[in-house]
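Asks: Here you go, upload-v2.cif (mmCIF, C-alpha atoms):
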```cif
data_start
loop_
_atom_site.label_atom_id
_atom_site.label_comp_id
_atom_site.auth_asym_id
_atom_site.auth_seq_id
_atom_site.Cartn_x
_atom_site.Cartn_y
_atom_site.Cartn_z
CA MET R 1 85.95 31.98 20.09
CA THR R 2 87.47 31.47 16.65
CA VAL R 3 85.27 32.80 13.86
CA VAL R 4 87.49 31.95 10.91
CA GLU R 5 90.39 29.54 10.74
CA LEU R 6 92.79 28.82 7.88
CA ARG R 7 94.90 25.67 8.23
CA GLU R 8 98.01 25.26 6.09
CA VAL R 9 96.21 26.82 3.16
CA THR R 10 97.81 26.81 -0.27
CA ARG R 11 96.39 28.27 -3.46
CA GLU R 12 97.87 27.76 -6.89
CA HIS R 13 96.76 29.58 -9.99
CA GLY R 14 98.19 27.35 -12.70
CA ARG R 15 101.88 27.23 -11.89
CA VAL R 16 101.79 30.34 -9.71
CA HIS R 17 101.74 29.71 -5.96
CA ALA R 18 99.64 32.56 -4.58
CA LEU R 19 99.72 31.11 -1.03
CA ARG R 20 102.13 28.51 0.32
CA GLY R 21 100.90 27.07 3.58
CA VAL R 22 99.34 29.86 5.59
CA SER R 23 97.68 29.24 8.96
CA LEU R 24 95.67 31.97 10.64
CA GLU R 25 92.84 32.29 13.15
CA VAL R 26 90.70 35.33 13.80
CA ALA R 27 88.62 35.32 16.97
CA ALA R 28 85.44 37.18 17.80
CA GLY R 29 86.33 40.67 18.96
CA GLU R 30 89.61 40.67 17.09
CA LEU R 31 90.82 42.94 14.29
CA VAL R 32 93.68 41.42 12.28
CA ALA R 33 95.49 43.33 9.54
CA VAL R 34 97.31 41.70 6.64
CA MET R 35 100.08 43.66 4.96
CA GLY R 36 102.46 42.89 2.15
CA PRO R 37 103.61 44.08 -1.27
CA SER R 38 101.38 43.54 -4.30
CA GLY R 39 101.50 39.92 -5.39
CA SER R 40 102.24 38.69 -1.86
CA GLY R 41 98.89 36.88 -1.63
CA LYS R 42 96.87 39.34 0.51
CA SER R 43 93.72 39.36 -1.59
CA THR R 44 93.91 35.61 -2.21
CA LEU R 45 94.02 35.13 1.55
CA LEU R 46 90.95 37.31 2.04
CA ASN R 47 89.00 35.56 -0.72
CA LEU R 48 89.75 32.15 0.81
CA ALA R 49 88.80 33.35 4.29
CA GLY R 50 85.45 34.55 2.97
CA GLY R 51 84.58 31.51 0.87
CA LEU R 52 84.90 33.45 -2.39
CA ASP R 53 87.53 30.96 -3.53
CA ARG R 54 88.55 27.42 -2.51
CA PRO R 55 92.10 26.44 -1.46
CA THR R 56 94.21 24.03 -3.51
CA SER R 57 95.09 22.29 -0.25
CA GLY R 58 94.53 22.93 3.43
CA GLY R 59 91.26 23.92 5.05
CA VAL R 60 89.07 26.89 5.92
CA THR R 61 86.51 26.88 8.73
CA ILE R 62 83.95 29.65 9.27
CA GLU R 63 82.04 29.56 12.57
CA GLY R 64 82.83 25.88 12.99
CA ARG R 65 81.80 24.85 9.47
CA ASP R 66 84.47 23.32 7.26
CA LEU R 67 84.01 24.99 3.89
CA ALA R 68 85.24 21.87 2.07
CA LYS R 69 82.09 20.09 3.27
CA VAL R 70 79.73 22.95 2.49
CA LYS R 71 77.87 22.60 -0.80
CA ASP R 72 76.20 25.99 -0.82
CA LEU R 73 79.07 28.42 -0.27
CA ALA R 74 76.86 31.28 -1.46
CA ALA R 75 74.57 30.79 1.56
CA ILE R 76 77.51 31.13 3.96
CA ARG R 77 78.70 34.18 2.08
CA ARG R 78 75.30 35.80 2.48
CA THR R 79 74.65 34.92 6.11
CA SER R 80 78.02 34.75 7.88
CA VAL R 81 80.41 36.99 5.99
CA GLY R 82 80.38 40.70 5.18
CA TYR R 83 82.66 42.16 2.52
CA VAL R 84 83.93 45.69 2.06
CA PHE R 85 86.08 46.46 -0.96
CA GLN R 86 87.95 49.51 -2.14
CA ASP R 87 85.44 50.28 -4.89
CA LEU R 88 82.67 48.63 -6.87
CA ASN R 89 80.84 48.54 -3.59
CA LEU R 90 77.43 50.01 -4.19
CA ILE R 91 74.88 49.54 -6.95
CA PRO R 92 74.41 52.99 -8.54
CA SER R 93 70.69 52.64 -9.32
CA LEU R 94 69.76 51.80 -5.71
CA THR R 95 69.60 54.19 -2.77
CA ALA R 96 71.91 53.69 0.21
CA ALA R 97 69.12 51.95 2.16
CA GLU R 98 68.25 49.69 -0.81
CA ASN R 99 71.90 48.74 -1.21
CA VAL R 100 72.04 47.70 2.43
CA MET R 101 68.74 45.79 2.14
CA LEU R 102 69.78 43.83 -0.94
CA PRO R 103 71.69 40.89 0.58
CA ARG R 104 68.91 40.34 3.13
CA GLU R 105 66.22 40.38 0.46
CA LEU R 106 68.26 37.92 -1.61
CA ASP R 107 68.25 35.78 1.49
CA GLY R 108 64.44 35.74 1.56
CA VAL R 109 63.85 38.33 4.27
CA ARG R 110 60.65 40.34 3.68
CA SER R 111 61.36 43.84 2.45
CA GLY R 112 59.70 45.63 5.40
CA ARG R 113 61.99 43.86 7.81
CA ALA R 114 65.00 44.22 5.52
CA ARG R 115 64.40 47.98 5.39
CA ALA R 116 64.13 48.23 9.18
CA GLU R 117 67.41 46.29 9.54
CA ALA R 118 69.05 48.47 6.91
CA LEU R 119 68.11 51.69 8.67
CA GLU R 120 69.41 50.27 11.94
CA ALA R 121 72.72 49.29 10.32
CA LEU R 122 73.04 52.72 8.69
CA ALA R 123 72.44 54.37 12.06
CA GLU R 124 75.16 52.20 13.61
CA VAL R 125 77.72 53.52 11.15
CA GLY R 126 76.49 57.11 11.42
CA ALA R 127 74.98 57.24 7.92
CA GLU R 128 71.24 57.30 8.66
CA GLU R 129 70.81 60.73 7.11
CA VAL R 130 71.89 59.49 3.66
CA ALA R 131 69.55 56.46 3.58
CA GLY R 132 67.48 57.87 0.71
CA ARG R 133 70.37 59.08 -1.42
CA PHE R 134 72.00 57.41 -4.40
CA PRO R 135 75.71 56.46 -4.35
CA GLU R 136 76.72 59.26 -6.74
CA GLU R 137 75.26 61.77 -4.27
CA LEU R 138 77.53 60.54 -1.46
CA SER R 139 81.10 61.43 -0.51
CA GLY R 140 83.74 58.68 -0.59
CA GLY R 141 83.61 58.33 3.18
CA GLN R 142 79.80 58.10 3.21
CA ARG R 143 79.86 55.46 0.47
CA GLN R 144 82.26 53.36 2.48
CA ARG R 145 80.07 53.72 5.59
CA VAL R 146 77.09 52.46 3.61
CA ALA R 147 79.18 49.53 2.32
CA ILE R 148 80.14 48.67 5.90
CA ALA R 149 76.48 48.90 6.98
CA ARG R 150 75.62 46.44 4.22
CA ALA R 151 78.39 44.12 5.37
CA LEU R 152 76.94 44.18 8.88
CA THR R 153 73.23 43.52 8.34
CA GLY R 154 71.88 40.17 9.44
CA GLU R 155 74.27 39.70 12.36
CA ARG R 156 77.20 38.56 10.29
CA ARG R 157 80.14 37.83 12.56
CA LEU R 158 82.97 37.89 10.02
CA LEU R 159 83.85 41.14 8.32
CA LEU R 160 86.41 41.14 5.48
CA ALA R 161 87.78 44.44 4.25
CA ASP R 162 90.09 44.75 1.23
CA GLU R 163 91.74 48.21 1.15
CA PRO R 164 88.55 49.84 2.48
CA THR R 165 90.26 53.22 2.80
CA GLY R 166 91.18 53.22 -0.92
CA ALA R 167 91.34 56.80 -2.12
CA LEU R 168 90.02 58.43 1.07
CA ASP R 169 91.96 61.21 2.79
CA THR R 170 93.65 60.21 6.03
CA ALA R 171 91.07 61.78 8.38
CA THR R 172 88.21 59.96 6.61
CA GLY R 173 90.29 56.78 6.46
CA ASP R 174 90.74 57.02 10.23
CA GLU R 175 86.96 57.27 10.63
CA ILE R 176 86.48 54.09 8.59
CA LEU R 177 89.04 52.30 10.77
CA GLN R 178 87.35 53.63 13.90
CA LEU R 179 84.17 52.02 12.59
CA LEU R 180 85.82 48.65 11.90
CA ARG R 181 87.47 48.83 15.32
CA THR R 182 84.10 49.47 16.98
CA ARG R 183 82.59 46.47 15.19
CA ALA R 184 85.45 44.28 16.41
CA ASP R 185 85.07 45.60 19.95
CA ALA R 186 81.37 44.74 19.71
CA GLY R 187 82.28 41.10 18.96
CA ALA R 188 82.83 40.79 15.20
CA ALA R 189 85.93 39.15 13.74
CA VAL R 190 87.50 41.59 11.28
CA LEU R 191 90.17 40.73 8.72
CA LEU R 192 91.61 43.80 7.02
CA VAL R 193 93.93 43.91 4.02
CA THR R 194 95.79 47.20 3.68
CA HIS R 195 99.09 48.50 2.36
CA GLU R 196 98.95 51.51 4.67
CA PRO R 197 100.78 51.10 8.00
CA ARG R 198 98.68 53.82 9.67
CA TYR R 199 95.51 51.80 9.16
CA ALA R 200 97.09 48.45 9.99
CA ALA R 201 98.06 49.98 13.34
CA TRP R 202 94.40 49.92 14.44
CA ALA R 203 94.60 46.11 14.50
CA ASP R 204 95.24 43.81 17.45
CA ARG R 205 97.65 41.81 15.27
CA VAL R 206 99.49 42.66 12.07
CA ILE R 207 100.58 39.90 9.71
CA TYR R 208 103.08 40.40 6.90
CA LEU R 209 102.82 38.25 3.79
CA ARG R 210 105.88 37.67 1.63
CA ASP R 211 105.66 35.52 -1.50
CA GLY R 212 102.62 33.67 -0.19
CA ARG R 213 104.03 33.01 3.30
CA ILE R 214 103.68 34.74 6.64
CA ALA R 215 106.95 36.59 7.30
CA GLU R 216 108.42 36.31 10.79
CA ALA R 217 111.02 38.51 12.42
CA ASN R 218 114.05 36.22 12.37
CA ALA R 219 117.41 36.59 13.99
CA VAL R 220 119.82 38.28 11.61
CA ARG R 221 122.96 36.30 10.85
CA LEU R 222 126.30 37.78 10.03
CA GLU R 223 128.26 35.88 7.42
CA SER R 224 131.76 35.20 8.69
CA ALA R 225 134.33 37.46 7.11
CA ARG R 226 136.21 35.95 4.26
CA MET T 227 111.64 71.33 20.92
CA SER T 228 111.07 74.94 21.83
CA ILE T 229 109.90 75.04 25.43
CA ARG T 230 110.37 78.82 25.33
CA HIS T 231 107.79 79.30 22.62
CA GLY T 232 105.48 76.70 24.10
CA LEU T 233 105.37 78.66 27.36
CA LEU T 234 104.91 81.96 25.53
CA ALA T 235 101.96 80.47 23.62
CA LEU T 236 100.33 79.37 26.87
CA LEU T 237 100.93 82.77 28.51
CA HIS T 238 99.36 84.42 25.47
CA GLY T 239 96.11 82.89 26.77
CA GLY T 240 96.48 84.75 30.11
CA ALA T 241 98.66 84.95 33.22
CA ARG T 242 99.74 81.59 34.65
CA TYR T 243 101.92 80.19 37.44
CA GLY T 244 104.76 77.71 36.94
CA TYR T 245 103.08 74.43 37.79
CA GLN T 246 100.03 75.37 35.75
CA LEU T 247 102.28 75.94 32.70
CA ARG T 248 103.78 72.52 33.10
CA VAL T 249 100.39 70.80 33.33
CA GLU T 250 98.95 72.68 30.35
CA PHE T 251 102.05 72.10 28.22
CA GLU T 252 101.83 68.35 28.79
CA ALA T 253 98.07 68.33 28.21
CA SER T 254 98.48 70.03 24.81
CA THR T 255 101.27 67.79 23.61
CA GLY T 256 99.77 64.57 24.94
CA ALA T 257 102.69 63.95 27.28
CA ALA T 258 104.86 63.35 24.20
CA TRP T 259 107.37 65.76 25.75
CA PRO T 260 107.24 65.50 29.54
CA LEU T 261 108.61 68.62 31.25
CA ASN T 262 110.00 68.79 34.73
CA ILE T 263 109.14 71.76 36.86
CA GLY T 264 112.80 72.83 37.00
CA GLN T 265 112.84 73.27 33.20
CA VAL T 266 109.74 75.45 33.47
CA TYR T 267 111.31 77.79 36.05
CA THR T 268 114.67 77.96 34.27
CA THR T 269 112.90 78.83 31.03
CA LEU T 270 110.70 81.43 32.74
CA ALA T 271 113.80 83.05 34.26
CA ARG T 272 115.43 83.30 30.82
CA LEU T 273 112.25 84.65 29.25
CA GLU T 274 112.09 87.28 31.99
CA ARG T 275 115.77 88.18 31.46
CA ASP T 276 115.04 88.65 27.73
CA GLY T 277 112.03 90.84 28.47
CA LEU T 278 109.54 88.42 26.92
CA VAL T 279 107.61 87.72 30.13
CA ALA T 280 107.15 89.76 33.30
CA PRO T 281 106.20 88.83 36.85
CA GLY T 282 102.48 89.46 37.30
CA GLY T 283 102.20 89.49 41.06
CA GLU T 284 100.43 86.70 42.93
CA ASP T 285 97.10 85.00 42.38
CA ASP T 286 94.51 84.77 45.18
CA GLN T 287 96.31 81.72 46.59
CA GLY T 288 99.65 83.48 46.76
CA ARG T 289 101.28 81.78 43.75
CA ALA T 290 103.67 83.90 41.66
CA VAL T 291 102.19 84.30 38.17
CA TYR T 292 103.79 85.43 34.90
CA THR T 293 102.40 87.46 32.02
CA ILE T 294 103.56 87.83 28.43
CA THR T 295 105.04 91.21 27.42
CA GLU T 296 104.57 93.05 24.12
CA ALA T 297 108.04 91.86 23.05
CA GLY T 298 106.94 88.33 24.00
CA ARG T 299 103.89 88.63 21.77
CA GLU T 300 106.07 89.76 18.85
CA GLU T 301 108.48 86.87 19.43
CA LEU T 302 105.56 84.42 19.47
CA GLU T 303 104.13 85.84 16.24
CA HIS T 304 107.55 85.51 14.64
CA TRP T 305 107.80 81.88 15.78
CA PHE T 306 104.40 80.92 14.36
CA GLY T 307 105.33 82.69 11.13
CA THR T 308 108.66 80.88 10.65
CA PRO T 309 108.88 77.34 9.17
CA VAL T 310 110.88 74.71 11.06
CA ALA T 311 114.26 74.10 9.39
CA GLN T 312 115.15 70.61 8.15
CA THR T 313 118.81 71.09 9.03
CA ASP T 314 120.65 69.96 12.15
CA ARG T 315 118.56 66.86 12.65
CA PRO T 316 120.30 64.13 14.58
CA ARG T 317 121.77 61.39 12.41
CA ASP T 318 119.29 58.66 11.69
CA GLU T 319 120.50 55.49 13.37
CA LEU T 320 118.17 53.29 11.36
CA ALA T 321 119.38 54.63 8.01
CA ILE T 322 122.97 54.01 9.14
CA LYS T 323 122.09 50.48 10.27
CA ILE T 324 120.53 49.60 6.91
CA ALA T 325 123.47 51.12 5.03
CA MET T 326 125.88 49.09 7.17
CA ALA T 327 123.80 45.93 6.62
CA VAL T 328 124.32 46.39 2.88
CA SER T 329 128.09 46.90 3.33
CA ALA T 330 128.41 43.96 5.73
CA GLY T 331 126.54 41.62 3.37
CA VAL T 332 123.80 40.93 5.94
CA GLU T 333 120.36 39.97 4.64
CA VAL T 334 118.73 43.41 4.41
CA ALA T 335 115.22 41.93 4.30
CA GLU T 336 115.72 40.43 7.76
CA VAL T 337 116.97 43.66 9.32
CA VAL T 338 114.02 45.38 7.66
CA GLN T 339 111.47 42.86 8.96
CA THR T 340 112.79 43.05 12.54
CA GLN T 341 112.51 46.84 12.44
CA ARG T 342 109.13 46.70 10.76
CA VAL T 343 107.62 44.61 13.53
CA ALA T 344 109.04 46.94 16.20
CA THR T 345 107.90 50.12 14.42
CA MET T 346 104.44 48.64 13.89
CA ARG T 347 104.20 47.89 17.60
CA ALA T 348 105.00 51.54 18.34
CA LEU T 349 102.46 52.61 15.71
CA GLN T 350 99.79 50.41 17.32
CA GLN T 351 100.49 52.01 20.69
CA LEU T 352 100.29 55.52 19.20
CA THR T 353 96.96 54.63 17.59
CA LYS T 354 95.67 53.40 20.95
CA ASP T 355 96.81 56.63 22.59
CA LYS T 356 95.11 58.59 19.84
CA ARG T 357 91.80 56.82 20.42
CA ALA T 358 92.04 57.82 24.07
CA ALA T 359 93.33 61.32 23.28
CA ASP T 360 91.76 64.26 24.97
CA GLY T 361 91.28 67.28 22.75
CA LEU T 362 92.49 68.46 19.35
CA ALA T 363 96.03 69.56 20.31
CA GLN T 364 96.89 66.16 21.79
CA ARG T 365 95.38 64.33 18.83
CA LEU T 366 97.39 66.37 16.31
CA VAL T 367 100.67 65.76 18.17
CA LEU T 368 99.96 62.01 18.14
CA ASP T 369 99.06 62.27 14.44
CA SER T 370 102.48 63.82 13.85
CA LEU T 371 104.21 60.84 15.50
CA ILE T 372 101.94 58.46 13.56
CA PHE T 373 102.85 60.07 10.22
CA LYS T 374 106.57 59.79 11.11
CA ALA T 375 106.30 56.12 12.05
CA GLU T 376 104.34 55.53 8.86
CA ALA T 377 107.02 57.23 6.78
CA GLU T 378 109.59 54.91 8.36
CA GLN T 379 107.46 51.86 7.49
CA ARG T 380 107.17 53.00 3.87
CA TRP T 381 110.87 53.61 3.66
CA LEU T 382 111.52 50.09 5.03
CA ASP T 383 109.24 48.63 2.33
CA HIS T 384 111.22 50.63 -0.19
CA CYS T 385 114.57 49.34 1.17
CA GLU T 386 113.34 45.78 0.91
CA ALA T 387 112.01 46.15 -2.63
CA VAL T 388 115.13 47.90 -3.92
CA SER T 389 117.58 45.50 -2.28
CA LYS T 390 115.61 42.56 -3.68
CA GLU T 391 115.89 43.98 -7.20
CA LYS T 392 119.63 44.56 -6.85
CA ASN T 393 120.13 40.96 -5.72
CA ARG T 394 118.54 39.53 -8.84
#
```
Take the structure in this file and express it as structure tokens.

Replies:
Amino acid sequence: MTVVELREVTREHGRVHALRGVSLEVAAGELVAVMGPSGSGKSTLLNLAGGLDRPTSGGVTIEGRDLAKVKDLAAIRRTSVGYVFQDLNLIPSLTAAENVMLPRELDGVRSGRARAEALEALAEVGAEEVAGRFPEELSGGQRQRVAIARALTGERRLLLADEPTGALDTATGDEILQLLRTRADAGAAVLLVTHEPRYAAWADRVIYLRDGRIAEANAVRLESAR
Amino acid sequence: MSIRHGLLALLHGGARYGYQLRVEFEASTGAAWPLNIGQVYTTLARLERDGLVAPGGEDDQGRAVYTITEAGREELEHWFGTPVAQTDRPRDELAIKIAMAVSAGVEVAEVVQTQRVATMRALQQLTKDKRAADGLAQRLVLDSLIFKAEAEQRWLDHCEAVSKEKNR
């Protein structure tokens, strides 16, 4: 089942073409990695897939809903999509559990239930023991686990991760990927942007963006000798 | 790859017979370097000739076992204490191919992309193997292959970026 679909999506920022006709589907249970040099359109692609931005042309569908026809994008962002970014993830004045609860409370869920869900999500990512701690008291790997827990609460089926391994060492980065992989195997659709081949290799499919297009492996042509 | 030192390291853990050495060697290295039993016996014969292992009689099922000698222990210590040299590596076919693509006026980016897709496929397989890996030794050997494949990917990115700049 397709969770997110992009159809011939273009995005222009003024005269700059960030994306030039990209089509992509991510199914439930699938982990797809997007690679490419800076400026190739990776983050633009992720923002469009998550309803954080609207395409100049083409369409985006999340769980069967065409985003062009959705008035309240914020509601979809809160209920269907989870985001994990490299940094700026957690609110410093809230504990790990409160950070995970926040999107559910914003969505009108009572705080008792939101807390129970948060603790469950933290347990799923192996971070239950840090529930009462503040972000500055956590290691980089623990912070990212909490951010993933927050992205998972409320049965969201689409998980978007933009360089989630940021400044982590490779062993901790591997643990984060193991976590994303487990979520995909449990039925989530995961779209991962990374510039690190070792992390992209955890994906079922790897897509390379070049100048706003998906790069294919073409036959190489020899020019005839002059 | 030093089969000699691999076998010495295993014998350092206690007396073993030939087939057992083969199985344990492959288990530690994650079958990255499959050994045939002939290689094991040839190597054991040479180690015995050099005084690094000695026949240790038979086990209770009548299999001939080998033990490490004092000289063998010293040799093993020396091996662990010596860094691996970067010399006499085989020539890198990929580097030659990219260099020749530049000379032949072929689109470097296309050669790079074809290789990138193939190397990524290998990297995906290694990652799968690593998730299924059994034990620390196997995992670290797979990590070594993963780091090498990753280095190749980075170098390919570099080739593409540099050749793009030169074409401007």

Asks: Just the number, please: distance in Å from atom CA of R:Gln142 to atom CA of R:Ala127, one decimal.

Replies: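 Interatomic distance here is 6.8 Å.
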
Asks: Using the chain letters and numbering of this document, enumerate as a VMD selection string the residues selected by the PyMOL selection byres ((chain T) within 6 of (chain R)).

Replies: chain T and resid 332 339 to 340 349 to 350 376

Asks: Leaving out stretch 265-275 of chain T and any residue of its chain fewer than 2 positions from it, which residues lie within 9 Å of it when counting only C-alpha atoms, given as an MDAnalysis selection string?

Replies: chainID T and resid 229:230 233:234 244:245 247:248 261:263 277:281 292 298

Asks: What does the PyMOL selection byres ((chain T and resi 370) around 12) select in this file, as a list in words?

Replies: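 What the PyMOL selection byres ((chain T and resi 370) around 12) grabs from the file is Arg198 of chain R; Thr255, Gly256, Ala258, Leu349, Leu352, Thr353, Lys356, Ala363, Gln364, Arg365, Leu366, Val367, Leu368, Asp369, Leu371, Ile372, Phe373, Lys374, Ala375, Glu376 and Ala377 of chain T.
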
Asks: Skip R:Arg145 itself and residues of its chain fewer than 5 positions away, then list as a PyMOL selection string all residues within 9 Å of it, counting all atoms listed in the file.

Replies: chain R and resi 122+125-127+140+150+176+179

Asks: Identify which of the residues R:Arg157, R:Gly82, R:Gly59, R:Gly141 lies closest to R:Ala171, counting all atoms listed in the file when measuring atom-to-atom distances.

Replies: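 Of the candidates, the smallest distance to R:Ala171 is held by R:Gly141.
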
Asks: Can you give me, as number ranges by chain, the residues this file yields under the PyMOL selection byres ((chain T and resi 383) around 10)?

Replies: R: 36-37; T: 335, 338-339, 342, 377-382, 384-388

Asks: With a distance cut-off of 10 Å and all atoms listed in the file, select the neighbouring residues of stretch 28-32 of chain R, excluding the residue or stretch itself and same-chain residues fewer than 6 positions from it, and output the selection as a ChimeraX atom specification.

Replies: /R:1-4,63,157-160,180-193,200-207
